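This report refers to the structure that appears directly beneath it.
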Amino acid sequence: FISEGQMALLAPDAVSFINGTRQPGEPSQLGPSKILEPEREPELQFNTTCEPGQVIIKHRVMFGGTPFCSGTKDDCLEIGYEAEAYSEAGCWFGKKIICQRETCGRGDNHNPLCMPWAFRVYITGQAPFCRPDPCDCFQQSAIPYQLSKRVHNPCVDTARFYRAGGHRKKSCTTGHRQICIRPINAVASTMSDEVKQLIAEGKARCNLKEDMAHERTMAGIAMVDKIAEGVASFGIAR
């Protein structure tokens with residue numbers, strides 16, 4: 001499996017699209033310095049089959065390995081994906097297969113991890129043996145938002161995640177990383193007393209070495225999502 005960022009490095013000079021634009025053995029029309037990048041729509045289009053606030057998200061994975069590549073369409077079908085393209089990049093023999101699947105997901109303008117003008121993202125935990133600690137969030141006046149064994153970029157516009165403070169991290173062999181969210185700027189000034197109270201309560205519990213109740217943790221996540229929806233609805237400037 002490969003990440004979306006790695007997809008941008010695929011197929012420098014020998015990508016054969018499954019629709020037949022280049023047959024096996026036919027010389028490539030692309031020079032060795034050319035790179036095939038996944039297409040991105042400049043404007044997000046809502047799909048009629050998706051819920052309000054969601055957009056179509058393309059997931060890509062690759063099979064075949066290197067240097068002796070053996071990717072086939074069946075590799076895609078076995079995991080419920082469609083075959084999208086072949087790649088000879090890095091292959092001494094054979095080809096790799098790129099598979100794609102479309103799903104509905106939260107649009108960037110409704111995802112606090114993808115709203116750098118409204119939220120700051122903090123990721124804590126040291127690989128390979130990760131020990132998530134909500135106190136790391138509260139110390140930053142942030143709210144514990146997610147646990148992730150392997151941090152990935154959830155944004156359609158991938159630059160948003162990095163602008164918010166997100167970044168790539170090595171996967172955890174055990175445990176999870178803690179992802180924290182802190183409202184900033186105009187959003188911070190409009191934070192409800194309930195949010196401020198939750199953060200103050202979290203800091204106090206951390207000082208006393210007490211665990212935060214699960215219900216309060218879930219309440220914090222709900223608060224962040226509610227703020228994000230408010231920002232999206234009122235169109236706070238980016």
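If you're wondering about the labels, chains in the structure tokens are A, B, ... by order shown, residues count from 1 in each chain, ligands from 1 in order shown.
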* Report the residues of region 19-235 of chain A whose backbone DSSP state falls under helix (DSSP H, G or I), written as a PyMOL selection string. => chain A and resi 73-78+108-110+112-114+134-138+158-163+185-189+193-207+214-234
Asn111 (chain A) environment, 12 Å, only C-alpha atoms, sequence neighbours closer than 3 positions dropped, as a PDB file with all heavy atoms, in the first residue's frame:
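Written file, part.pdb:
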ATOM      1  N   GLY A  53     -22.386  18.195   3.035  1.00  0.00           N
ATOM      2  CA  GLY A  53     -21.101  18.409   3.686  1.00  0.00           C
ATOM      3  C   GLY A  53     -20.052  17.382   3.326  1.00  0.00           C
ATOM      4  O   GLY A  53     -18.921  17.459   3.794  1.00  0.00           O
ATOM      5  N   GLN A  54     -20.420  16.390   2.482  1.00  0.00           N
ATOM      6  CA  GLN A  54     -19.470  15.371   2.064  1.00  0.00           C
ATOM      7  C   GLN A  54     -19.158  15.516   0.578  1.00  0.00           C
ATOM      8  O   GLN A  54     -19.942  16.077  -0.184  1.00  0.00           O
ATOM      9  CB  GLN A  54     -20.006  13.967   2.346  1.00  0.00           C
ATOM     10  CG  GLN A  54     -20.154  13.647   3.820  1.00  0.00           C
ATOM     11  CD  GLN A  54     -20.497  12.193   4.050  1.00  0.00           C
ATOM     12  OE1 GLN A  54     -21.092  11.529   3.209  1.00  0.00           O
ATOM     13  NE2 GLN A  54     -20.104  11.677   5.202  1.00  0.00           N
ATOM     14  N   VAL A  55     -18.008  15.008   0.173  1.00  0.00           N
ATOM     15  CA  VAL A  55     -17.591  15.032  -1.222  1.00  0.00           C
ATOM     16  C   VAL A  55     -17.055  13.668  -1.600  1.00  0.00           C
ATOM     17  O   VAL A  55     -16.816  12.821  -0.739  1.00  0.00           O
ATOM     18  CB  VAL A  55     -16.496  16.101  -1.476  1.00  0.00           C
ATOM     19  CG1 VAL A  55     -17.025  17.494  -1.229  1.00  0.00           C
ATOM     20  CG2 VAL A  55     -15.278  15.831  -0.583  1.00  0.00           C
ATOM     21  N   GLY A 105     -16.831  11.300   1.732  1.00  0.00           N
ATOM     22  CA  GLY A 105     -16.144  11.686   2.952  1.00  0.00           C
ATOM     23  C   GLY A 105     -16.407  13.145   3.273  1.00  0.00           C
ATOM     24  O   GLY A 105     -16.937  13.893   2.449  1.00  0.00           O
ATOM     25  N   ARG A 106     -16.017  13.532   4.467  1.00  0.00           N
ATOM     26  CA  ARG A 106     -16.235  14.901   4.886  1.00  0.00           C
ATOM     27  C   ARG A 106     -15.416  15.861   4.030  1.00  0.00           C
ATOM     28  O   ARG A 106     -14.227  15.680   3.846  1.00  0.00           O
ATOM     29  CB  ARG A 106     -15.857  15.049   6.360  1.00  0.00           C
ATOM     30  CG  ARG A 106     -16.183  16.420   6.910  1.00  0.00           C
ATOM     31  CD  ARG A 106     -16.326  16.466   8.417  1.00  0.00           C
ATOM     32  NE  ARG A 106     -15.561  15.517   9.180  1.00  0.00           N
ATOM     33  CZ  ARG A 106     -15.352  15.661  10.491  1.00  0.00           C
ATOM     34  NH1 ARG A 106     -15.845  16.714  11.130  1.00  0.00           N
ATOM     35  NH2 ARG A 106     -14.685  14.771  11.163  1.00  0.00           N
ATOM     36  N   GLY A 107     -16.049  16.884   3.493  1.00  0.00           N
ATOM     37  CA  GLY A 107     -15.338  17.863   2.696  1.00  0.00           C
ATOM     38  C   GLY A 107     -14.387  18.678   3.545  1.00  0.00           C
ATOM     39  O   GLY A 107     -14.561  18.815   4.761  1.00  0.00           O
ATOM     40  N   ASP A 108     -13.358  19.223   2.911  1.00  0.00           N
ATOM     41  CA  ASP A 108     -12.344  19.968   3.645  1.00  0.00           C
ATOM     42  C   ASP A 108     -12.923  21.113   4.458  1.00  0.00           C
ATOM     43  O   ASP A 108     -12.444  21.417   5.557  1.00  0.00           O
ATOM     44  CB  ASP A 108     -11.300  20.526   2.669  1.00  0.00           C
ATOM     45  CG  ASP A 108     -10.395  19.435   2.115  1.00  0.00           C
ATOM     46  OD1 ASP A 108     -10.528  18.273   2.548  1.00  0.00           O
ATOM     47  OD2 ASP A 108      -9.564  19.750   1.253  1.00  0.00           O
ATOM     48  N   CYS A 114      -8.636  20.079   8.318  1.00  0.00           N
ATOM     49  CA  CYS A 114      -8.373  20.671   6.994  1.00  0.00           C
ATOM     50  C   CYS A 114      -8.775  22.143   6.953  1.00  0.00           C
ATOM     51  O   CYS A 114      -9.037  22.683   5.880  1.00  0.00           O
ATOM     52  CB  CYS A 114      -9.120  19.907   5.911  1.00  0.00           C
ATOM     53  SG  CYS A 114      -8.819  18.124   5.906  1.00  0.00           S
ATOM     54  N   MET A 115      -8.820  22.801   8.102  1.00  0.00           N
ATOM     55  CA  MET A 115      -9.258  24.200   8.174  1.00  0.00           C
ATOM     56  C   MET A 115      -8.195  25.017   8.908  1.00  0.00           C
ATOM     57  O   MET A 115      -8.384  25.425  10.057  1.00  0.00           O
ATOM     58  CB  MET A 115     -10.615  24.279   8.879  1.00  0.00           C
ATOM     59  CG  MET A 115     -11.702  23.446   8.192  1.00  0.00           C
ATOM     60  SD  MET A 115     -13.212  23.245   9.177  1.00  0.00           S
ATOM     61  CE  MET A 115     -13.879  24.900   9.120  1.00  0.00           C
ATOM     62  N   PRO A 116      -7.044  25.265   8.270  1.00  0.00           N
ATOM     63  CA  PRO A 116      -5.917  25.914   8.966  1.00  0.00           C
ATOM     64  C   PRO A 116      -6.198  27.339   9.403  1.00  0.00           C
ATOM     65  O   PRO A 116      -5.482  27.859  10.259  1.00  0.00           O
ATOM     66  CB  PRO A 116      -4.796  25.860   7.923  1.00  0.00           C
ATOM     67  CG  PRO A 116      -5.488  25.754   6.608  1.00  0.00           C
ATOM     68  CD  PRO A 116      -6.722  24.932   6.874  1.00  0.00           C
ATOM     69  N   TRP A 117      -7.194  27.996   8.828  1.00  0.00           N
ATOM     70  CA  TRP A 117      -7.553  29.348   9.252  1.00  0.00           C
ATOM     71  C   TRP A 117      -8.387  29.345  10.528  1.00  0.00           C
ATOM     72  O   TRP A 117      -8.605  30.386  11.129  1.00  0.00           O
ATOM     73  CB  TRP A 117      -8.344  30.052   8.147  1.00  0.00           C
ATOM     74  CG  TRP A 117      -9.602  29.340   7.757  1.00  0.00           C
ATOM     75  CD1 TRP A 117     -10.849  29.511   8.282  1.00  0.00           C
ATOM     76  CD2 TRP A 117      -9.729  28.305   6.782  1.00  0.00           C
ATOM     77  NE1 TRP A 117     -11.749  28.656   7.692  1.00  0.00           N
ATOM     78  CE2 TRP A 117     -11.088  27.906   6.763  1.00  0.00           C
ATOM     79  CE3 TRP A 117      -8.845  27.685   5.912  1.00  0.00           C
ATOM     80  CZ2 TRP A 117     -11.560  26.910   5.903  1.00  0.00           C
ATOM     81  CZ3 TRP A 117      -9.323  26.692   5.066  1.00  0.00           C
ATOM     82  CH2 TRP A 117     -10.665  26.322   5.068  1.00  0.00           C
ATOM     83  N   ALA A 118      -8.834  28.160  10.957  1.00  0.00           N
ATOM     84  CA  ALA A 118      -9.716  28.069  12.117  1.00  0.00           C
ATOM     85  C   ALA A 118      -9.178  27.182  13.234  1.00  0.00           C
ATOM     86  O   ALA A 118      -9.531  27.382  14.400  1.00  0.00           O
ATOM     87  CB  ALA A 118     -11.088  27.541  11.688  1.00  0.00           C
ATOM     88  N   PHE A 119      -8.307  26.213  12.888  1.00  0.00           N
ATOM     89  CA  PHE A 119      -7.830  25.260  13.892  1.00  0.00           C
ATOM     90  C   PHE A 119      -6.335  25.013  13.731  1.00  0.00           C
ATOM     91  O   PHE A 119      -5.792  25.072  12.633  1.00  0.00           O
ATOM     92  CB  PHE A 119      -8.555  23.916  13.768  1.00  0.00           C
ATOM     93  CG  PHE A 119     -10.032  23.983  13.994  1.00  0.00           C
ATOM     94  CD1 PHE A 119     -10.907  24.085  12.918  1.00  0.00           C
ATOM     95  CD2 PHE A 119     -10.563  23.960  15.272  1.00  0.00           C
ATOM     96  CE1 PHE A 119     -12.274  24.152  13.115  1.00  0.00           C
ATOM     97  CE2 PHE A 119     -11.926  24.028  15.486  1.00  0.00           C
ATOM     98  CZ  PHE A 119     -12.788  24.127  14.406  1.00  0.00           C
ATOM     99  N   VAL A 121      -3.470  22.016  14.512  1.00  0.00           N
ATOM    100  CA  VAL A 121      -3.376  20.574  14.727  1.00  0.00           C
ATOM    101  C   VAL A 121      -2.061  20.238  15.427  1.00  0.00           C
ATOM    102  O   VAL A 121      -0.999  20.741  15.042  1.00  0.00           O
ATOM    103  CB  VAL A 121      -3.456  19.815  13.385  1.00  0.00           C
ATOM    104  CG1 VAL A 121      -3.255  18.312  13.600  1.00  0.00           C
ATOM    105  CG2 VAL A 121      -4.795  20.075  12.703  1.00  0.00           C
ATOM    106  N   TYR A 145      -8.700  14.904  19.975  1.00  0.00           N
ATOM    107  CA  TYR A 145      -9.682  14.749  18.896  1.00  0.00           C
ATOM    108  C   TYR A 145      -9.696  13.354  18.277  1.00  0.00           C
ATOM    109  O   TYR A 145     -10.750  12.813  17.995  1.00  0.00           O
ATOM    110  CB  TYR A 145      -9.409  15.788  17.812  1.00  0.00           C
ATOM    111  CG  TYR A 145     -10.471  15.858  16.743  1.00  0.00           C
ATOM    112  CD1 TYR A 145     -11.750  16.317  17.046  1.00  0.00           C
ATOM    113  CD2 TYR A 145     -10.206  15.461  15.435  1.00  0.00           C
ATOM    114  CE1 TYR A 145     -12.733  16.380  16.078  1.00  0.00           C
ATOM    115  CE2 TYR A 145     -11.186  15.523  14.456  1.00  0.00           C
ATOM    116  CZ  TYR A 145     -12.442  15.985  14.785  1.00  0.00           C
ATOM    117  OH  TYR A 145     -13.418  16.042  13.816  1.00  0.00           O
ATOM    118  N   ASN A 153      -2.998  12.028   5.866  1.00  0.00           N
ATOM    119  CA  ASN A 153      -3.545  13.326   5.489  1.00  0.00           C
ATOM    120  C   ASN A 153      -4.975  13.125   5.009  1.00  0.00           C
ATOM    121  O   ASN A 153      -5.203  12.504   3.965  1.00  0.00           O
ATOM    122  CB  ASN A 153      -2.684  13.935   4.375  1.00  0.00           C
ATOM    123  CG  ASN A 153      -3.060  15.375   4.067  1.00  0.00           C
ATOM    124  OD1 ASN A 153      -4.208  15.777   4.200  1.00  0.00           O
ATOM    125  ND2 ASN A 153      -2.088  16.151   3.629  1.00  0.00           N
ATOM    126  N   PRO A 154      -5.976  13.638   5.729  1.00  0.00           N
ATOM    127  CA  PRO A 154      -7.368  13.388   5.370  1.00  0.00           C
ATOM    128  C   PRO A 154      -7.954  14.400   4.390  1.00  0.00           C
ATOM    129  O   PRO A 154      -9.119  14.293   4.015  1.00  0.00           O
ATOM    130  CB  PRO A 154      -8.085  13.505   6.721  1.00  0.00           C
ATOM    131  CG  PRO A 154      -7.320  14.591   7.414  1.00  0.00           C
ATOM    132  CD  PRO A 154      -5.878  14.412   6.989  1.00  0.00           C
ATOM    133  N   CYS A 155      -7.167  15.389   3.989  1.00  0.00           N
ATOM    134  CA  CYS A 155      -7.696  16.510   3.207  1.00  0.00           C
ATOM    135  C   CYS A 155      -7.615  16.248   1.708  1.00  0.00           C
ATOM    136  O   CYS A 155      -6.617  15.715   1.218  1.00  0.00           O
ATOM    137  CB  CYS A 155      -6.947  17.798   3.533  1.00  0.00           C
ATOM    138  SG  CYS A 155      -6.833  18.144   5.305  1.00  0.00           S
ATOM    139  N   VAL A 156      -8.663  16.640   0.994  1.00  0.00           N
ATOM    140  CA  VAL A 156      -8.631  16.580  -0.464  1.00  0.00           C
ATOM    141  C   VAL A 156      -7.568  17.539  -0.983  1.00  0.00           C
ATOM    142  O   VAL A 156      -6.764  17.198  -1.845  1.00  0.00           O
ATOM    143  CB  VAL A 156     -10.017  16.918  -1.054  1.00  0.00           C
ATOM    144  CG1 VAL A 156      -9.962  16.917  -2.577  1.00  0.00           C
ATOM    145  CG2 VAL A 156     -11.063  15.925  -0.557  1.00  0.00           C
ATOM    146  N   ASP A 157      -7.546  18.751  -0.440  1.00  0.00           N
ATOM    147  CA  ASP A 157      -6.458  19.696  -0.696  1.00  0.00           C
ATOM    148  C   ASP A 157      -5.401  19.418   0.366  1.00  0.00           C
ATOM    149  O   ASP A 157      -5.462  19.930   1.481  1.00  0.00           O
ATOM    150  CB  ASP A 157      -6.970  21.134  -0.608  1.00  0.00           C
ATOM    151  CG  ASP A 157      -5.885  22.172  -0.847  1.00  0.00           C
ATOM    152  OD1 ASP A 157      -4.713  21.779  -1.023  1.00  0.00           O
ATOM    153  OD2 ASP A 157      -6.205  23.378  -0.842  1.00  0.00           O
ATOM    154  N   ARG A 160      -3.713  21.811   3.046  1.00  0.00           N
ATOM    155  CA  ARG A 160      -4.435  22.329   4.220  1.00  0.00           C
ATOM    156  C   ARG A 160      -3.985  21.649   5.507  1.00  0.00           C
ATOM    157  O   ARG A 160      -3.848  22.290   6.543  1.00  0.00           O
ATOM    158  CB  ARG A 160      -5.943  22.152   4.034  1.00  0.00           C
ATOM    159  CG  ARG A 160      -6.575  23.027   2.966  1.00  0.00           C
ATOM    160  CD  ARG A 160      -8.079  22.913   3.052  1.00  0.00           C
ATOM    161  NE  ARG A 160      -8.773  23.745   2.085  1.00  0.00           N
ATOM    162  CZ  ARG A 160     -10.075  24.006   2.147  1.00  0.00           C
ATOM    163  NH1 ARG A 160     -10.804  23.473   3.128  1.00  0.00           N
ATOM    164  NH2 ARG A 160     -10.646  24.767   1.237  1.00  0.00           N
ATOM    165  N   PHE A 161      -3.795  20.344   5.450  1.00  0.00           N
ATOM    166  CA  PHE A 161      -3.398  19.588   6.634  1.00  0.00           C
ATOM    167  C   PHE A 161      -2.047  20.081   7.148  1.00  0.00           C
ATOM    168  O   PHE A 161      -1.860  20.278   8.350  1.00  0.00           O
ATOM    169  CB  PHE A 161      -3.334  18.102   6.279  1.00  0.00           C
ATOM    170  CG  PHE A 161      -2.988  17.198   7.431  1.00  0.00           C
ATOM    171  CD1 PHE A 161      -3.816  17.096   8.542  1.00  0.00           C
ATOM    172  CD2 PHE A 161      -1.842  16.411   7.390  1.00  0.00           C
ATOM    173  CE1 PHE A 161      -3.504  16.243   9.597  1.00  0.00           C
ATOM    174  CE2 PHE A 161      -1.523  15.562   8.430  1.00  0.00           C
ATOM    175  CZ  PHE A 161      -2.354  15.478   9.539  1.00  0.00           C
ATOM    176  N   ALA A 164      -2.205  23.496   8.739  1.00  0.00           N
ATOM    177  CA  ALA A 164      -2.818  23.461  10.068  1.00  0.00           C
ATOM    178  C   ALA A 164      -1.866  22.947  11.134  1.00  0.00           C
ATOM    179  O   ALA A 164      -2.147  23.057  12.329  1.00  0.00           O
ATOM    180  CB  ALA A 164      -4.085  22.608  10.046  1.00  0.00           C
ATOM    181  N   ILE A 181      -6.690  19.202  18.632  1.00  0.00           N
ATOM    182  CA  ILE A 181      -7.227  20.334  17.861  1.00  0.00           C
ATOM    183  C   ILE A 181      -7.371  21.541  18.786  1.00  0.00           C
ATOM    184  O   ILE A 181      -7.929  21.427  19.883  1.00  0.00           O
ATOM    185  CB  ILE A 181      -8.606  19.997  17.266  1.00  0.00           C
ATOM    186  CG1 ILE A 181      -8.467  18.959  16.153  1.00  0.00           C
ATOM    187  CG2 ILE A 181      -9.286  21.237  16.743  1.00  0.00           C
ATOM    188  CD1 ILE A 181      -7.968  19.506  14.852  1.00  0.00           C
ATOM    189  N   ILE A 221     -14.810  16.186  21.446  1.00  0.00           N
ATOM    190  CA  ILE A 221     -14.811  15.916  20.009  1.00  0.00           C
ATOM    191  C   ILE A 221     -16.049  16.530  19.358  1.00  0.00           C
ATOM    192  O   ILE A 221     -15.965  17.153  18.295  1.00  0.00           O
ATOM    193  CB  ILE A 221     -14.764  14.400  19.757  1.00  0.00           C
ATOM    194  CG1 ILE A 221     -13.438  13.825  20.269  1.00  0.00           C
ATOM    195  CG2 ILE A 221     -14.948  14.081  18.278  1.00  0.00           C
ATOM    196  CD1 ILE A 221     -13.372  12.305  20.242  1.00  0.00           C
ATOM    197  N   VAL A 224     -15.643  20.314  18.938  1.00  0.00           N
ATOM    198  CA  VAL A 224     -14.795  20.693  17.813  1.00  0.00           C
ATOM    199  C   VAL A 224     -15.575  20.586  16.505  1.00  0.00           C
ATOM    200  O   VAL A 224     -15.524  21.483  15.650  1.00  0.00           O
ATOM    201  CB  VAL A 224     -13.539  19.804  17.758  1.00  0.00           C
ATOM    202  CG1 VAL A 224     -12.769  20.036  16.453  1.00  0.00           C
ATOM    203  CG2 VAL A 224     -12.636  20.088  18.947  1.00  0.00           C
ATOM    204  N   ASP A 225     -16.309  19.483  16.340  1.00  0.00           N
ATOM    205  CA  ASP A 225     -17.091  19.304  15.119  1.00  0.00           C
ATOM    206  C   ASP A 225     -18.161  20.388  14.989  1.00  0.00           C
ATOM    207  O   ASP A 225     -18.439  20.883  13.886  1.00  0.00           O
ATOM    208  CB  ASP A 225     -17.743  17.927  15.108  1.00  0.00           C
ATOM    209  CG  ASP A 225     -16.732  16.803  14.882  1.00  0.00           C
ATOM    210  OD1 ASP A 225     -15.653  17.087  14.326  1.00  0.00           O
ATOM    211  OD2 ASP A 225     -17.028  15.650  15.250  1.00  0.00           O
ATOM    212  N   LYS A 226     -18.763  20.765  16.101  1.00  0.00           N
ATOM    213  CA  LYS A 226     -19.794  21.795  16.074  1.00  0.00           C
ATOM    214  C   LYS A 226     -19.201  23.145  15.680  1.00  0.00           C
ATOM    215  O   LYS A 226     -19.794  23.896  14.904  1.00  0.00           O
ATOM    216  CB  LYS A 226     -20.459  21.890  17.450  1.00  0.00           C
ATOM    217  CG  LYS A 226     -21.622  22.877  17.497  1.00  0.00           C
ATOM    218  CD  LYS A 226     -22.291  22.854  18.864  1.00  0.00           C
ATOM    219  CE  LYS A 226     -23.465  23.833  18.919  1.00  0.00           C
ATOM    220  NZ  LYS A 226     -24.124  23.808  20.253  1.00  0.00           N
ATOM    221  N   ILE A 227     -18.017  23.440  16.208  1.00  0.00           N
ATOM    222  CA  ILE A 227     -17.347  24.693  15.845  1.00  0.00           C
ATOM    223  C   ILE A 227     -17.018  24.698  14.356  1.00  0.00           C
ATOM    224  O   ILE A 227     -17.200  25.705  13.663  1.00  0.00           O
ATOM    225  CB  ILE A 227     -16.066  24.886  16.683  1.00  0.00           C
ATOM    226  CG1 ILE A 227     -16.430  25.111  18.148  1.00  0.00           C
ATOM    227  CG2 ILE A 227     -15.254  26.066  16.163  1.00  0.00           C
ATOM    228  CD1 ILE A 227     -15.231  25.121  19.081  1.00  0.00           C
ATOM    229  N   ALA A 228     -16.535  23.546  13.848  1.00  0.00           N
ATOM    230  CA  ALA A 228     -16.192  23.449  12.432  1.00  0.00           C
ATOM    231  C   ALA A 228     -17.414  23.700  11.556  1.00  0.00           C
ATOM    232  O   ALA A 228     -17.330  24.401  10.534  1.00  0.00           O
ATOM    233  CB  ALA A 228     -15.588  22.073  12.124  1.00  0.00           C
ATOM    234  N   GLU A 229     -18.550  23.136  11.940  1.00  0.00           N
ATOM    235  CA  GLU A 229     -19.757  23.347  11.163  1.00  0.00           C
ATOM    236  C   GLU A 229     -20.180  24.812  11.205  1.00  0.00           C
ATOM    237  O   GLU A 229     -20.658  25.378  10.228  1.00  0.00           O
ATOM    238  CB  GLU A 229     -20.901  22.453  11.689  1.00  0.00           C
ATOM    239  CG  GLU A 229     -20.703  20.989  11.393  1.00  0.00           C
ATOM    240  CD  GLU A 229     -20.634  20.698   9.892  1.00  0.00           C
ATOM    241  OE1 GLU A 229     -21.365  21.360   9.126  1.00  0.00           O
ATOM    242  OE2 GLU A 229     -19.855  19.824   9.504  1.00  0.00           O
ATOM    243  N   GLY A 230     -19.987  25.438  12.377  1.00  0.00           N
ATOM    244  CA  GLY A 230     -20.314  26.859  12.484  1.00  0.00           C
ATOM    245  C   GLY A 230     -19.432  27.708  11.592  1.00  0.00           C
ATOM    246  O   GLY A 230     -19.893  28.648  10.936  1.00  0.00           O
ATOM    247  N   VAL A 231     -18.140  27.386  11.553  1.00  0.00           N
ATOM    248  CA  VAL A 231     -17.207  28.121  10.687  1.00  0.00           C
ATOM    249  C   VAL A 231     -17.605  27.950   9.232  1.00  0.00           C
ATOM    250  O   VAL A 231     -17.613  28.908   8.449  1.00  0.00           O
ATOM    251  CB  VAL A 231     -15.763  27.622  10.897  1.00  0.00           C
ATOM    252  CG1 VAL A 231     -14.820  28.227   9.873  1.00  0.00           C
ATOM    253  CG2 VAL A 231     -15.286  27.980  12.300  1.00  0.00           C
ATOM    254  N   ALA A 232     -17.961  26.724   8.840  1.00  0.00           N
ATOM    255  CA  ALA A 232     -18.354  26.456   7.451  1.00  0.00           C
ATOM    256  C   ALA A 232     -19.648  27.185   7.097  1.00  0.00           C
ATOM    257  O   ALA A 232     -19.787  27.741   6.002  1.00  0.00           O
ATOM    258  CB  ALA A 232     -18.525  24.951   7.234  1.00  0.00           C
TER     259      ALA A 232
END
May I have a table of the residues of region 67-167 of chain A lying at most 6 Å from region 172-179 of chain A, giving each one's closest pair of atoms and their distance in Å to one decimal, counting only C-alpha atoms, ordered by chain and ascending residue number, as JSON lines?
{"residue": "A:Tyr122", "atom": "CA", "partner": "A:Ile179", "partner_atom": "CA", "distance": 5.8}
{"residue": "A:Ile123", "atom": "CA", "partner": "A:Ile179", "partner_atom": "CA", "distance": 4.6}
{"residue": "A:Thr124", "atom": "CA", "partner": "A:Gln178", "partner_atom": "CA", "distance": 5.2}
{"residue": "A:Gly125", "atom": "CA", "partner": "A:Arg177", "partner_atom": "CA", "distance": 4.8}
{"residue": "A:Ala127", "atom": "CA", "partner": "A:Cys172", "partner_atom": "CA", "distance": 5.1}
{"residue": "A:Pro128", "atom": "CA", "partner": "A:Cys172", "partner_atom": "CA", "distance": 4.6}
{"residue": "A:Phe129", "atom": "CA", "partner": "A:Thr174", "partner_atom": "CA", "distance": 5.0}
{"residue": "A:Cys130", "atom": "CA", "partner": "A:Gly175", "partner_atom": "CA", "distance": 4.8}
{"residue": "A:Arg131", "atom": "CA", "partner": "A:Gly175", "partner_atom": "CA", "distance": 5.6}
{"residue": "A:Pro132", "atom": "CA", "partner": "A:Gln178", "partner_atom": "CA", "distance": 5.0}
{"residue": "A:Tyr145", "atom": "CA", "partner": "A:Ile179", "partner_atom": "CA", "distance": 5.7}
{"residue": "A:Gln146", "atom": "CA", "partner": "A:Ile179", "partner_atom": "CA", "distance": 5.0}
{"residue": "A:Leu147", "atom": "CA", "partner": "A:Gln178", "partner_atom": "CA", "distance": 4.9}
{"residue": "A:Ser148", "atom": "CA", "partner": "A:His176", "partner_atom": "CA", "distance": 5.1}
{"residue": "A:Lys149", "atom": "CA", "partner": "A:His176", "partner_atom": "CA", "distance": 4.3}
Quick one: everything within 7 Å of Thr103 (chain A), counting only C-alpha atoms, minus sequence neighbours fewer than 6 positions away in the same chain. Send it as a PDB file with N, CA and C atoms, in the first residue's frame.
ATOM      1  N   ILE A  56     -16.859  13.446  -2.892  1.00  0.00           N
ATOM      2  CA  ILE A  56     -16.251  12.206  -3.356  1.00  0.00           C
ATOM      3  C   ILE A  56     -14.754  12.245  -3.055  1.00  0.00           C
ATOM      4  N   ILE A  57     -14.267  11.199  -2.422  1.00  0.00           N
ATOM      5  CA  ILE A  57     -12.847  11.087  -2.118  1.00  0.00           C
ATOM      6  C   ILE A  57     -12.304   9.843  -2.810  1.00  0.00           C
ATOM      7  N   LYS A  58     -11.195  10.007  -3.527  1.00  0.00           N
ATOM      8  CA  LYS A  58     -10.582   8.899  -4.238  1.00  0.00           C
ATOM      9  C   LYS A  58      -9.475   8.277  -3.380  1.00  0.00           C
TER      10      LYS A  58
END
* To do: One decimal, Å: what's the distance from CA of Ile184 (chain A) over to CA of Arg120 (chain A), could you say?
  =>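 Those two atoms sit 6.6 Å apart.
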* Just list the residues in region 45-174 of chain A DSSP gives strand (DSSP E) on the backbone, as an MDAnalysis selection string. => chainID A and resid 54:63 82:87 96:106 119:124 143:148
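Taking CA of Ala213 (chain A) as the reference point, CA of Ile143 (chain A) is found at 13.5 Å.
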* Asked: Between CA of Trp92 (chain A) and CA of Phe68 (chain A), what is the spacing in Å?
  ->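 Between CA of Phe68 (chain A) and CA of Trp92 (chain A) the gap is 5.8 Å.
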